[in-house]
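J.: Pasting my_file-v4.pdb here (PDB, C-alpha atoms):
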```
ATOM      1  CA  MET M  14      78.035  36.054 126.311
ATOM      2  CA  ARG M  15      76.743  39.500 126.938
ATOM      3  CA  ARG M  16      80.124  40.468 128.257
ATOM      4  CA  PHE M  17      81.731  39.157 125.105
ATOM      5  CA  PHE M  18      79.531  41.383 122.971
ATOM      6  CA  LEU M  19      80.211  44.334 125.207
ATOM      7  CA  ILE M  20      83.934  43.838 124.822
ATOM      8  CA  LEU M  21      83.517  43.380 121.114
ATOM      9  CA  ALA M  22      81.497  46.597 120.913
ATOM     10  CA  ILE M  23      84.094  48.525 122.881
ATOM     11  CA  PHE M  24      86.807  47.067 120.719
ATOM     12  CA  ALA M  25      84.945  48.022 117.570
ATOM     13  CA  VAL M  26      84.420  51.577 118.765
ATOM     14  CA  ALA M  27      88.056  51.865 119.759
ATOM     15  CA  MET M  28      89.172  50.544 116.380
ATOM     16  CA  ASN M  29      86.909  52.985 114.685
ATOM     17  CA  LEU M  30      88.333  55.904 116.640
ATOM     18  CA  CYS M  31      91.824  54.756 115.818
ATOM     19  CA  VAL M  32      91.073  54.510 112.126
ATOM     20  CA  SER M  33      89.415  57.903 111.955
ATOM     21  CA  ALA M  34      92.247  59.452 113.931
ATOM     22  CA  GLN M  35      94.652  57.928 111.476
ATOM     23  CA  ALA M  36      92.613  59.243 108.588
ATOM     24  CA  THR M  37      92.682  62.809 109.881
ATOM     25  CA  ASN M  38      96.371  62.335 110.622
ATOM     26  CA  SER M  39      97.237  61.311 107.113
ATOM     27  CA  GLU M  40      95.029  64.072 105.750
ATOM     28  CA  ALA M  41      96.843  66.610 107.920
ATOM     29  CA  ALA M  42     100.189  65.153 106.889
ATOM     30  CA  GLU M  43      99.216  65.431 103.250
ATOM     31  CA  ARG M  44      98.154  69.015 103.780
ATOM     32  CA  ASP M  45     101.402  69.806 105.601
ATOM     33  CA  ALA M  46     103.335  68.319 102.728
ATOM     34  CA  ARG M  47     101.435  70.500 100.285
ATOM     35  CA  VAL M  48     101.981  73.603 102.423
ATOM     36  CA  ALA M  49     105.705  72.811 102.522
ATOM     37  CA  ALA M  50     105.840  72.210  98.777
ATOM     38  CA  ILE M  51     104.028  75.473  98.001
ATOM     39  CA  SER M  52     106.121  77.399 100.525
ATOM     40  CA  LYS M  53     109.275  76.251  98.789
ATOM     41  CA  THR M  54     108.114  77.880  95.558
ATOM     42  CA  LEU M  55     107.365  81.253  97.132
ATOM     43  CA  ARG M  56     110.027  83.853  97.712
ATOM     44  CA  CYS M  57     110.348  85.610 101.017
ATOM     45  CA  VAL M  58     109.896  89.258 100.071
ATOM     46  CA  VAL M  59     112.178  90.639 102.774
ATOM     47  CA  CYS M  60     115.147  88.317 102.436
ATOM     48  CA  GLN M  61     116.026  88.361  98.734
ATOM     49  CA  ASN M  62     116.834  84.778  97.963
ATOM     50  CA  GLN M  63     115.138  82.468 100.375
ATOM     51  CA  SER M  64     111.823  80.754 100.050
ATOM     52  CA  ILE M  65     109.277  81.401 102.743
ATOM     53  CA  TYR M  66     109.771  77.754 103.680
ATOM     54  CA  ASP M  67     113.421  78.391 104.568
ATOM     55  CA  SER M  68     113.132  81.863 105.987
ATOM     56  CA  ASN M  69     112.746  82.778 109.629
ATOM     57  CA  ALA M  70     111.657  86.328 108.831
ATOM     58  CA  PRO M  71     108.452  87.266 110.625
ATOM     59  CA  LEU M  72     106.743  88.140 107.353
ATOM     60  CA  ALA M  73     107.711  84.761 105.883
ATOM     61  CA  GLU M  74     106.219  83.124 108.953
ATOM     62  CA  ASP M  75     102.970  84.989 108.384
ATOM     63  CA  MET M  76     103.020  84.086 104.708
ATOM     64  CA  ARG M  77     103.455  80.422 105.573
ATOM     65  CA  ARG M  78     100.455  80.703 107.846
ATOM     66  CA  LEU M  79      98.512  82.280 105.010
ATOM     67  CA  VAL M  80      99.477  79.403 102.689
ATOM     68  CA  GLU M  81      98.290  76.993 105.364
ATOM     69  CA  LYS M  82      95.009  78.857 105.626
ATOM     70  CA  ARG M  83      94.418  78.910 101.880
ATOM     71  CA  VAL M  84      95.229  75.200 101.570
ATOM     72  CA  ALA M  85      92.862  74.409 104.427
ATOM     73  CA  ALA M  86      90.206  76.496 102.675
ATOM     74  CA  GLY M  87      90.524  74.193  99.675
ATOM     75  CA  ASP M  88      92.653  76.260  97.270
ATOM     76  CA  SER M  89      94.731  74.400  94.702
ATOM     77  CA  ASP M  90      98.513  74.900  94.709
ATOM     78  CA  ASP M  91      98.308  77.320  91.805
ATOM     79  CA  GLU M  92      95.472  79.267  93.388
ATOM     80  CA  VAL M  93      97.576  79.838  96.494
ATOM     81  CA  ARG M  94     100.522  80.994  94.383
ATOM     82  CA  ASP M  95      98.297  83.259  92.313
ATOM     83  CA  TYR M  96      96.857  84.773  95.469
ATOM     84  CA  LEU M  97     100.287  85.952  96.583
ATOM     85  CA  ARG M  98     101.397  86.776  93.057
ATOM     86  CA  GLU M  99      98.451  89.128  92.721
ATOM     87  CA  ARG M 100      99.708  91.046  95.746
ATOM     88  CA  TYR M 101     103.474  90.817  95.404
ATOM     89  CA  GLY M 102     103.908  90.319  91.663
ATOM     90  CA  ASP M 103     106.104  87.795  89.844
ATOM     91  CA  TYR M 104     108.826  88.565  92.355
ATOM     92  CA  VAL M 105     107.208  86.316  94.926
ATOM     93  CA  LEU M 106     107.639  83.235  92.732
ATOM     94  CA  MET M 107     110.948  81.414  93.160
ATOM     95  CA  THR M 108     110.813  80.268  89.526
ATOM     96  CA  PRO M 109     110.170  83.160  87.151
ATOM     97  CA  PRO M 110     107.283  82.390  84.790
ATOM     98  CA  LEU M 111     108.033  82.072  81.083
ATOM     99  CA  GLN M 112     106.607  85.251  79.584
ATOM    100  CA  SER M 113     107.654  88.043  77.250
ATOM    101  CA  ASN M 114     109.833  89.888  79.792
ATOM    102  CA  THR M 115     111.600  86.724  80.952
ATOM    103  CA  LEU M 116     112.238  85.318  77.478
ATOM    104  CA  LEU M 117     115.871  86.439  77.515
ATOM    105  CA  LEU M 118     116.331  84.874  80.939
ATOM    106  CA  TRP M 119     114.958  81.516  79.870
ATOM    107  CA  LEU M 120     116.284  81.344  76.326
ATOM    108  CA  GLY M 121     119.514  83.333  76.797
ATOM    109  CA  PRO M 122     121.644  80.367  77.889
ATOM    110  CA  LEU M 123     120.337  78.287  75.003
ATOM    111  CA  VAL M 124     121.128  81.073  72.529
ATOM    112  CA  LEU M 125     124.633  81.443  73.998
ATOM    113  CA  LEU M 126     125.162  77.687  73.776
ATOM    114  CA  LEU M 127     124.087  77.674  70.133
ATOM    115  CA  LEU M 128     126.337  80.632  69.300
ATOM    116  CA  ALA M 129     129.317  79.075  71.058
ATOM    117  CA  GLY M 130     128.589  75.734  69.426
ATOM    118  CA  THR M 131     128.419  77.286  65.955
ATOM    119  CA  TRP M 132     131.633  79.174  66.545
ATOM    120  CA  PHE M 133     133.342  75.998  67.747
ATOM    121  CA  VAL M 134     132.225  73.950  64.743
ATOM    122  CA  VAL M 135     133.286  76.683  62.321
ATOM    123  CA  ARG M 136     136.722  76.927  63.912
ATOM    124  CA  VAL M 137     137.348  73.222  64.057
ATOM    125  CA  ARG M 138     136.390  72.868  60.405
ATOM    126  CA  ARG M 139     138.678  75.687  59.348
ATOM    127  CA  LYS M 140     141.559  74.185  61.291
ATOM    128  CA  THR M 141     141.121  70.809  59.665
ATOM    129  CA  VAL M 142     141.316  72.463  56.280
ATOM    130  CA  ILE M 143     144.579  74.155  57.210
ATOM    131  CA  ASP M 144     146.057  70.954  58.626
ATOM    132  CA  THR M 145     145.389  68.895  55.577
ATOM    133  CA  ALA M 146     146.653  71.547  53.213
ATOM    134  CA  ASP M 147     149.737  69.972  51.751
ATOM    135  CA  ASP M 148     151.940  72.873  50.841
ATOM    136  CA  LEU M 149     155.226  71.620  52.212
ATOM    137  CA  SER M 150     157.940  70.964  49.788
ATOM    138  CA  ASP M 151     160.059  67.843  50.097
ATOM    139  CA  ASP M 152     162.879  69.975  51.381
ATOM    140  CA  ASP M 153     160.748  71.426  54.169
ATOM    141  CA  ARG M 154     159.532  68.005  55.044
ATOM    142  CA  ALA M 155     163.075  66.743  55.410
ATOM    143  CA  ARG M 156     163.986  69.709  57.605
ATOM    144  CA  ALA M 157     160.988  69.172  59.791
ATOM    145  CA  HIS M 158     161.817  65.516  60.143
ATOM    146  CA  ALA M 159     165.375  66.351  61.028
ATOM    147  CA  ALA M 160     164.309  68.890  63.628
ATOM    148  CA  LEU M 161     161.791  66.529  65.186
ATOM    149  CA  PHE M 162     163.642  63.245  65.171
ATOM    150  CA  GLY M 163     167.258  64.300  64.960
ATOM    151  CA  ASP M 164     169.666  63.781  62.078
ATOM    152  CA  LYS M 165     169.565  60.014  62.252
ATOM    153  CA  ASP M 166     169.446  59.650  58.499
ATOM    154  CA  ASP M 167     172.549  61.766  58.021
ATOM    155  CA  ALA M 168     174.438  59.994  60.755
ATOM    156  CA  SER M 169     173.898  56.536  59.365
TER     157      SER M 169
ATOM    158  CA  MET S  21     144.205  86.220  58.213
ATOM    159  CA  SER S  22     144.967  89.716  59.451
ATOM    160  CA  GLN S  23     141.460  91.076  58.672
ATOM    161  CA  THR S  24     139.702  88.250  60.456
ATOM    162  CA  SER S  25     141.943  88.538  63.482
ATOM    163  CA  LEU S  26     140.943  92.181  63.843
ATOM    164  CA  TRP S  27     137.311  91.090  64.101
ATOM    165  CA  THR S  28     138.159  88.198  66.367
ATOM    166  CA  ARG S  29     139.991  90.595  68.610
ATOM    167  CA  LEU S  30     136.892  92.768  68.834
ATOM    168  CA  VAL S  31     134.696  89.896  69.976
ATOM    169  CA  PRO S  32     135.985  89.721  73.580
ATOM    170  CA  ILE S  33     135.652  93.490  73.864
ATOM    171  CA  ALA S  34     132.076  93.330  72.608
ATOM    172  CA  VAL S  35     131.289  90.500  75.023
ATOM    173  CA  PHE S  36     132.859  92.466  77.846
ATOM    174  CA  LEU S  37     130.807  95.547  76.990
ATOM    175  CA  VAL S  38     127.571  93.563  76.948
ATOM    176  CA  ILE S  39     128.334  91.953  80.308
ATOM    177  CA  ALA S  40     129.437  95.296  81.746
ATOM    178  CA  GLY S  41     126.174  96.801  80.514
ATOM    179  CA  PHE S  42     124.134  94.150  82.292
ATOM    180  CA  PHE S  43     126.152  94.629  85.476
ATOM    181  CA  ALA S  44     125.822  98.407  85.342
ATOM    182  CA  TYR S  45     122.065  98.023  85.040
ATOM    183  CA  GLY S  46     121.737  95.240  87.589
ATOM    184  CA  LEU S  47     124.036  96.603  90.264
ATOM    185  CA  SER S  48     122.627 100.111  90.197
ATOM    186  CA  ARG S  49     119.175  98.819  91.107
ATOM    187  CA  ASP S  50     118.115  98.399  94.704
ATOM    188  CA  PRO S  51     117.124  94.734  94.976
ATOM    189  CA  SER S  52     115.044  95.352  98.082
ATOM    190  CA  LYS S  53     112.668  97.553  96.096
ATOM    191  CA  ILE S  54     109.971  95.385  94.666
ATOM    192  CA  PRO S  55     107.618  96.999  92.180
ATOM    193  CA  THR S  56     104.185  97.168  93.701
ATOM    194  CA  GLU S  57     101.194  95.498  92.162
ATOM    195  CA  MET S  58      98.671  97.462  94.121
ATOM    196  CA  ILE S  59      98.502 100.787  92.262
ATOM    197  CA  ASP S  60      95.020 101.631  90.997
ATOM    198  CA  ARG S  61      93.594  98.604  92.644
ATOM    199  CA  PRO S  62      90.746  98.776  95.110
ATOM    200  CA  LEU S  63      91.715  98.480  98.713
ATOM    201  CA  PRO S  64      91.209  94.957 100.086
ATOM    202  CA  ASP S  65      88.276  94.353 102.381
ATOM    203  CA  PHE S  66      89.380  93.934 105.946
ATOM    204  CA  GLU S  67      88.097  93.882 109.467
ATOM    205  CA  LEU S  68      90.707  94.178 112.173
ATOM    206  CA  PRO S  69      90.868  95.364 115.747
ATOM    207  CA  GLY S  70      91.900  98.932 116.482
ATOM    208  CA  LEU S  71      95.096  99.521 118.418
ATOM    209  CA  ARG S  72      93.695 101.815 121.067
ATOM    210  CA  ASP S  73      91.340 100.514 123.734
ATOM    211  CA  ASP S  74      88.325 102.499 122.555
ATOM    212  CA  GLU S  75      88.747 101.818 118.855
ATOM    213  CA  GLY S  76      86.755  98.610 118.458
ATOM    214  CA  VAL S  77      86.855  96.928 115.067
ATOM    215  CA  ILE S  78      88.064  98.880 112.024
ATOM    216  CA  SER S  79      86.992  97.915 108.521
ATOM    217  CA  ASP S  80      87.852  99.219 105.059
ATOM    218  CA  GLU S  81      84.858 101.570 105.414
ATOM    219  CA  VAL S  82      87.104 103.856 107.429
ATOM    220  CA  LEU S  83      89.118 104.630 104.293
ATOM    221  CA  ARG S  84      86.213 105.648 102.081
ATOM    222  CA  GLY S  85      84.794 109.068 101.392
ATOM    223  CA  GLN S  86      88.023 110.914 102.004
ATOM    224  CA  THR S  87      91.583 110.768 100.752
ATOM    225  CA  SER S  88      93.814 109.133 103.296
ATOM    226  CA  LEU S  89      97.401 108.200 103.884
ATOM    227  CA  VAL S  90      97.676 104.657 105.150
ATOM    228  CA  ASN S  91     100.949 104.367 107.003
ATOM    229  CA  VAL S  92     102.376 100.969 107.928
ATOM    230  CA  PHE S  93     104.493 101.287 111.056
ATOM    231  CA  GLY S  94     105.718  99.459 114.114
ATOM    232  CA  SER S  95     107.441 100.373 117.349
ATOM    233  CA  TRP S  96     110.255  98.008 116.293
ATOM    234  CA  CYS S  97     110.869  99.944 113.098
ATOM    235  CA  VAL S  98     113.750 102.409 113.174
ATOM    236  CA  ALA S  99     112.967 104.174 109.909
ATOM    237  CA  CYS S 100     109.415 104.795 111.166
ATOM    238  CA  LEU S 101     110.863 106.936 113.904
ATOM    239  CA  GLN S 102     112.719 108.869 111.244
ATOM    240  CA  GLU S 103     109.538 109.762 109.372
ATOM    241  CA  HIS S 104     107.479 110.312 112.500
ATOM    242  CA  PRO S 105     108.108 114.071 112.814
ATOM    243  CA  THR S 106     106.891 114.542 109.242
ATOM    244  CA  LEU S 107     103.692 112.651 109.996
ATOM    245  CA  MET S 108     103.204 114.693 113.159
ATOM    246  CA  ARG S 109     103.542 117.893 111.183
ATOM    247  CA  LEU S 110     101.148 116.671 108.478
ATOM    248  CA  ALA S 111      98.579 115.749 111.110
ATOM    249  CA  ALA S 112      98.867 119.159 112.715
ATOM    250  CA  SER S 113      99.020 121.405 109.664
ATOM    251  CA  THR S 114      97.180 119.657 106.821
ATOM    252  CA  ASP S 115      93.766 118.059 106.558
ATOM    253  CA  VAL S 116      95.057 114.750 105.175
ATOM    254  CA  LYS S 117      93.584 111.867 107.065
ATOM    255  CA  ILE S 118      96.354 109.628 108.368
ATOM    256  CA  VAL S 119      95.438 106.064 109.221
ATOM    257  CA  GLY S 120      98.027 103.828 110.836
ATOM    258  CA  VAL S 121      98.569 100.131 110.343
ATOM    259  CA  ASN S 122     100.444  98.911 113.379
ATOM    260  CA  TRP S 123     102.226  95.947 111.866
ATOM    261  CA  ARG S 124     103.547  92.903 113.729
ATOM    262  CA  ASP S 125     103.758  94.764 116.953
ATOM    263  CA  ASP S 126     103.014  94.279 120.585
ATOM    264  CA  ARG S 127      99.989  96.340 121.565
ATOM    265  CA  GLN S 128     101.565  97.770 124.702
ATOM    266  CA  ASP S 129     104.866  98.537 122.953
ATOM    267  CA  ALA S 130     103.004 100.399 120.229
ATOM    268  CA  LEU S 131     100.965 102.454 122.684
ATOM    269  CA  THR S 132     104.078 103.360 124.670
ATOM    270  CA  TRP S 133     105.882 104.298 121.454
ATOM    271  CA  LEU S 134     103.038 106.613 120.442
ATOM    272  CA  GLN S 135     102.930 108.131 123.890
ATOM    273  CA  ARG S 136     106.605 108.915 123.723
ATOM    274  CA  HIS S 137     106.796 110.196 120.146
ATOM    275  CA  GLY S 138     103.301 111.578 119.555
ATOM    276  CA  ASP S 139     100.300 110.149 117.759
ATOM    277  CA  PRO S 140      99.482 111.533 114.293
ATOM    278  CA  TYR S 141      96.912 108.865 113.449
ATOM    279  CA  GLU S 142      93.147 109.286 113.238
ATOM    280  CA  ARG S 143      92.642 105.561 113.428
ATOM    281  CA  ILE S 144      95.142 102.774 113.979
ATOM    282  CA  ILE S 145      94.575  99.273 112.660
ATOM    283  CA  PHE S 146      96.268  96.601 114.769
ATOM    284  CA  ASP S 147      97.692  94.012 112.377
ATOM    285  CA  ALA S 148      99.729  91.628 114.505
ATOM    286  CA  ASP S 149      99.675  88.717 112.042
ATOM    287  CA  SER S 150     100.300  90.572 108.748
ATOM    288  CA  GLU S 151      96.722  89.940 107.626
ATOM    289  CA  LEU S 152      96.245  93.373 106.079
ATOM    290  CA  ALA S 153      99.956  93.750 105.351
ATOM    291  CA  ILE S 154      99.982  90.755 103.016
ATOM    292  CA  GLU S 155      96.725  91.900 101.401
ATOM    293  CA  LEU S 156      98.461  95.202 100.663
ATOM    294  CA  GLY S 157     101.651  93.547  99.449
ATOM    295  CA  VAL S 158     103.714  95.169 102.175
ATOM    296  CA  THR S 159     107.364  94.146 102.255
ATOM    297  CA  GLY S 160     108.686  96.351 105.027
ATOM    298  CA  ALA S 161     108.020  99.305 107.248
ATOM    299  CA  PRO S 162     107.484 102.124 106.835
ATOM    300  CA  GLU S 163     105.312 101.984 103.776
ATOM    301  CA  THR S 164     102.620 104.493 102.999
ATOM    302  CA  PHE S 165      99.670 104.179 100.649
ATOM    303  CA  VAL S 166      97.679 107.067  99.230
ATOM    304  CA  VAL S 167      94.049 105.917  99.077
ATOM    305  CA  ASP S 168      91.498 107.995  97.209
ATOM    306  CA  PRO S 169      87.902 108.590  98.431
ATOM    307  CA  ASN S 170      86.677 105.635  96.353
ATOM    308  CA  GLY S 171      88.999 103.340  98.235
ATOM    309  CA  ARG S 172      91.466 102.934  95.385
ATOM    310  CA  ILE S 173      95.192 102.808  96.056
ATOM    311  CA  ARG S 174      96.868 105.537  94.045
ATOM    312  CA  PHE S 175     100.441 105.489  95.252
ATOM    313  CA  LYS S 176     102.774 103.575  97.490
ATOM    314  CA  GLN S 177     105.789 105.079  99.185
ATOM    315  CA  VAL S 178     108.374 102.522 100.254
ATOM    316  CA  GLY S 179     110.527 103.854 103.068
ATOM    317  CA  PRO S 180     110.114 106.943 105.184
ATOM    318  CA  ILE S 181     108.117 109.956 104.029
ATOM    319  CA  THR S 182     110.364 112.959 104.213
ATOM    320  CA  GLU S 183     109.242 116.541 103.743
ATOM    321  CA  LYS S 184     110.756 116.352 100.266
ATOM    322  CA  VAL S 185     108.875 113.178  99.365
ATOM    323  CA  PHE S 186     105.660 114.701 100.619
ATOM    324  CA  LYS S 187     106.144 117.926  98.725
ATOM    325  CA  ASP S 188     107.480 116.526  95.440
ATOM    326  CA  THR S 189     105.703 113.203  95.139
ATOM    327  CA  ILE S 190     102.681 112.940  97.381
ATOM    328  CA  THR S 191     101.286 116.458  97.122
ATOM    329  CA  PRO S 192     100.845 116.275  93.320
ATOM    330  CA  ILE S 193      98.942 113.013  93.734
ATOM    331  CA  LEU S 194      96.714 114.515  96.415
ATOM    332  CA  LYS S 195      96.035 117.452  94.112
ATOM    333  CA  ALA S 196      95.207 115.155  91.210
ATOM    334  CA  ILE S 197      92.740 113.250  93.367
ATOM    335  CA  GLU S 198      91.165 116.482  94.521
ATOM    336  CA  ALA S 199      90.853 117.706  90.942
ATOM    337  CA  GLU S 200      89.155 114.453  89.967
ATOM    338  CA  SER S 201      86.598 114.634  92.725
ATOM    339  CA  ASN S 202      85.751 118.226  91.798
ATOM    340  CA  GLU S 203      84.989 117.267  88.225
TER     341      GLU S 203
END
```
Please express what this file holds, its structure, as structure tokens.

T.:
Amino acid sequence: MRRFFLILAIFAVAMNLCVSAQATNSEAAERDARVAAISKTLRCVVCQNQSIYDSNAPLAEDMRRLVEKRVAAGDSDDEVRDYLRERYGDYVLMTPPLQSNTLLLWLGPLVLLLLAGTWFVVRVRRKTVIDTADDLSDDDRARAHAALFGDKDDAS
Amino acid sequence: MSQTSLWTRLVPIAVFLVIAGFFAYGLSRDPSKIPTEMIDRPLPDFELPGLRDDEGVISDEVLRGQTSLVNVFGSWCVACLQEHPTLMRLAASTDVKIVGVNWRDDRQDALTWLQRHGDPYERIIFDADSELAIELGVTGAPETFVVDPNGRIRFKQVGPITEKVFKDTITPILKAIEAESNE
């Protein structure tokens, strides 16, 4: 009986260890996922158009480590981004923020689309007006018919 | 119809000019130059090992009380070698304090490099993991910061300091700082 309890105790302890190991594992995995997600939104400052997640540049490596450190220290995603933004400016963000100097960037395509759309509508309308304008005389109509479908009428 | 077609014909030209304008602006800029955020900001606090054996730990205290040039360099950096003679001359013939930040380097490589090319630095901060570099918003080497006696960053030079850069750009800033501290 005593042996049974001993085994049970050992089993319980082992289970416990397993569970806690799993807990720290999933916590670490979650943290890694966050580090990866944040890294993907930060631009590598030495390689133009890669995130620090994708870049192999030494500085990007160090920046990834910094992100890891800030996340481990309990910073939120935005706090980590702001930390680097404070030092490297908006440039370090992969997605430019919507602010006065990026208004043209964000709204430009929409404005172009609206302009092109307006132009298109205006043109189509004008064309319809021309098409329906009935200024052909009967003579012209007959000539057009003859040119298009041959002189069947005359031949018959 | 003929009046409208004149205007319609001008539209593509106008569009072309606008696009050409954007290209002229965009292509004439150096995309590797990132505007710095650090001007007029206080120097970050740091505590890092010195490069040389007898240097111990160096903190931001070392940059207070006197105007200094903080020069980010590495033995792996080709352009650093290009500016090195200028730094050597400044160390020998002016009283500007030059502090080095040895960035992402191997300690032995850096020491050998200094032995071979000369050592203009009063103190050298050994920053192997970009700790200080990221704090300073460094994007490449060489980069040089002018730090005033209050520990504020006043100017950042991206790329090598040439005699011309020193004379035309850095000297006026040094003079301005000096004038301020005499007030």

J.: Take the ChimeraX specification (/S :<7) & /M, run it mentally on this structure, and tell me the resulting residues as a PyMOL selection string.

T.: chain M and resi 58-59+75+99-102

J.: Please compute the atom CA of Tyr141 of chain S-atom CA of Lys117 of chain S distance, one decimal, in Å.

T.: 7.8 Å

J.: Quick check, in Å to one decimal: how far apart do atom CA of Lys176 of chain S and atom CA of Tyr45 of chain S lie?

T.: 23.6 Å

J.: Apply the PyMOL selection byres ((chain M and resi 52) around 9) to the file shown and report the selected residues as a list in words.

T.: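 Those residues are Arg47, Val48, Ala49, Ala50, Ile51, Lys53, Thr54, Leu55, Arg56, Ser64, Ile65, Tyr66, Asp67, Met76, Arg77 and Val80 of chain M.
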
J.: Could you tell me how far atom CA of Gly120 of chain S lies from atom CA of Arg78 of chain M, in Å and to one decimal?

T.: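 Those two atoms sit 23.4 Å apart.
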
J.: With 10 Å as the threshold, what does the neighbourhood of (94.5, 101.7, 115.4) contain in terms of residues, counting only C-alpha atoms? Coordinates are those of the file; answer as a PDB file with C-alpha atoms, keeping the file's coordinate frame.

T.:
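Listing of point_31.pdb after writing:
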```pdb
ATOM      1  CA  LEU S  68      90.707  94.178 112.173  1.00  0.00           C
ATOM      2  CA  PRO S  69      90.868  95.364 115.747  1.00  0.00           C
ATOM      3  CA  GLY S  70      91.900  98.932 116.482  1.00  0.00           C
ATOM      4  CA  LEU S  71      95.096  99.521 118.418  1.00  0.00           C
ATOM      5  CA  ARG S  72      93.695 101.815 121.067  1.00  0.00           C
ATOM      6  CA  ASP S  73      91.340 100.514 123.734  1.00  0.00           C
ATOM      7  CA  ASP S  74      88.325 102.499 122.555  1.00  0.00           C
ATOM      8  CA  GLU S  75      88.747 101.818 118.855  1.00  0.00           C
ATOM      9  CA  GLY S  76      86.755  98.610 118.458  1.00  0.00           C
ATOM     10  CA  VAL S  77      86.855  96.928 115.067  1.00  0.00           C
ATOM     11  CA  ILE S  78      88.064  98.880 112.024  1.00  0.00           C
ATOM     12  CA  VAL S 119      95.438 106.064 109.221  1.00  0.00           C
ATOM     13  CA  GLY S 120      98.027 103.828 110.836  1.00  0.00           C
ATOM     14  CA  VAL S 121      98.569 100.131 110.343  1.00  0.00           C
ATOM     15  CA  ASN S 122     100.444  98.911 113.379  1.00  0.00           C
ATOM     16  CA  ARG S 127      99.989  96.340 121.565  1.00  0.00           C
ATOM     17  CA  ALA S 130     103.004 100.399 120.229  1.00  0.00           C
ATOM     18  CA  LEU S 131     100.965 102.454 122.684  1.00  0.00           C
ATOM     19  CA  TYR S 141      96.912 108.865 113.449  1.00  0.00           C
ATOM     20  CA  GLU S 142      93.147 109.286 113.238  1.00  0.00           C
ATOM     21  CA  ARG S 143      92.642 105.561 113.428  1.00  0.00           C
ATOM     22  CA  ILE S 144      95.142 102.774 113.979  1.00  0.00           C
ATOM     23  CA  ILE S 145      94.575  99.273 112.660  1.00  0.00           C
ATOM     24  CA  PHE S 146      96.268  96.601 114.769  1.00  0.00           C
ATOM     25  CA  ASP S 147      97.692  94.012 112.377  1.00  0.00           C
TER      26      ASP S 147
END
```

J.: For the structure shown, which residues end up in the PyMOL selection byres ((chain S and resi 79-84) around 7)? Put them as a short mmCIF file (atom, residue, chain, number, x, y, z; two decimals) with C-alpha atoms, in the coordinates of the input, please?

T.:
```
data_model
loop_
_atom_site.label_atom_id
_atom_site.label_comp_id
_atom_site.auth_asym_id
_atom_site.auth_seq_id
_atom_site.Cartn_x
_atom_site.Cartn_y
_atom_site.Cartn_z
CA ASP S 65 88.28 94.35 102.38
CA PHE S 66 89.38 93.93 105.95
CA GLU S 67 88.10 93.88 109.47
CA LEU S 68 90.71 94.18 112.17
CA VAL S 77 86.86 96.93 115.07
CA ILE S 78 88.06 98.88 112.02
CA GLY S 85 84.79 109.07 101.39
CA GLN S 86 88.02 110.91 102.00
CA SER S 88 93.81 109.13 103.30
CA PRO S 169 87.90 108.59 98.43
CA ASN S 170 86.68 105.64 96.35
CA GLY S 171 89.00 103.34 98.24
#
```

J.: Determine the axis-aligned bounding box of all atoms of segment 146-155 of chain M present in the file, pad each side by 5 Å, and express its centre and edge lengths in Å to one decimal place as AutoDock Vina command-line options.

T.:
```
--center_x 154.9 --center_y 69.8 --center_z 52.6 --size_x 26.4 --size_y 16.1 --size_z 15.6
```

J.: Let me make sure I understand: among M:Arg138, M:Leu72, M:Asp148, M:Gln63, which one has the smallest atom-to-atom distance to Tyr104 of chain M if we use only C-alpha atoms?

T.: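 Closest residue, counting only C-alpha atoms: M:Gln63.
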
J.: Would you please work out which residue, of S:His137, S:Pro162, S:Leu89, S:Glu103, is nearest to Trp123 of chain S when using only C-alpha atoms?

T.: S:Pro162

J.: Using all atoms listed in the file, can you tell me which of M:Leu106, M:Leu127, M:Leu97, M:Ala22 comes closest to Arg83 of chain M?

T.: M:Leu97

J.: Dump segment 177-182 of chain S with N, CA, C and O atoms to a file, as a PDB file, in the first residue's frame.

T.:
```pdb
ATOM      1  N   GLN S 177      26.495  63.066 -38.372  1.00  0.00           N
ATOM      2  CA  GLN S 177      27.076  62.935 -39.705  1.00  0.00           C
ATOM      3  C   GLN S 177      26.966  61.475 -40.125  1.00  0.00           C
ATOM      4  O   GLN S 177      27.486  60.583 -39.461  1.00  0.00           O
ATOM      5  N   VAL S 178      26.257  61.242 -41.235  1.00  0.00           N
ATOM      6  CA  VAL S 178      26.178  59.891 -41.776  1.00  0.00           C
ATOM      7  C   VAL S 178      27.251  59.767 -42.845  1.00  0.00           C
ATOM      8  O   VAL S 178      27.320  60.595 -43.740  1.00  0.00           O
ATOM      9  N   GLY S 179      28.098  58.754 -42.724  1.00  0.00           N
ATOM     10  CA  GLY S 179      29.186  58.596 -43.674  1.00  0.00           C
ATOM     11  C   GLY S 179      30.437  59.267 -43.148  1.00  0.00           C
ATOM     12  O   GLY S 179      30.413  59.925 -42.110  1.00  0.00           O
ATOM     13  N   PRO S 180      31.528  59.072 -43.874  1.00  0.00           N
ATOM     14  CA  PRO S 180      32.826  59.516 -43.369  1.00  0.00           C
ATOM     15  C   PRO S 180      32.908  61.032 -43.168  1.00  0.00           C
ATOM     16  O   PRO S 180      32.315  61.805 -43.917  1.00  0.00           O
ATOM     17  N   ILE S 181      33.650  61.432 -42.152  1.00  0.00           N
ATOM     18  CA  ILE S 181      33.979  62.840 -41.946  1.00  0.00           C
ATOM     19  C   ILE S 181      35.191  63.131 -42.814  1.00  0.00           C
ATOM     20  O   ILE S 181      36.243  62.521 -42.652  1.00  0.00           O
ATOM     21  N   THR S 182      35.022  64.037 -43.736  1.00  0.00           N
ATOM     22  CA  THR S 182      36.178  64.482 -44.508  1.00  0.00           C
ATOM     23  C   THR S 182      36.622  65.816 -43.927  1.00  0.00           C
ATOM     24  O   THR S 182      35.918  66.400 -43.099  1.00  0.00           O
TER      25      THR S 182
END
```
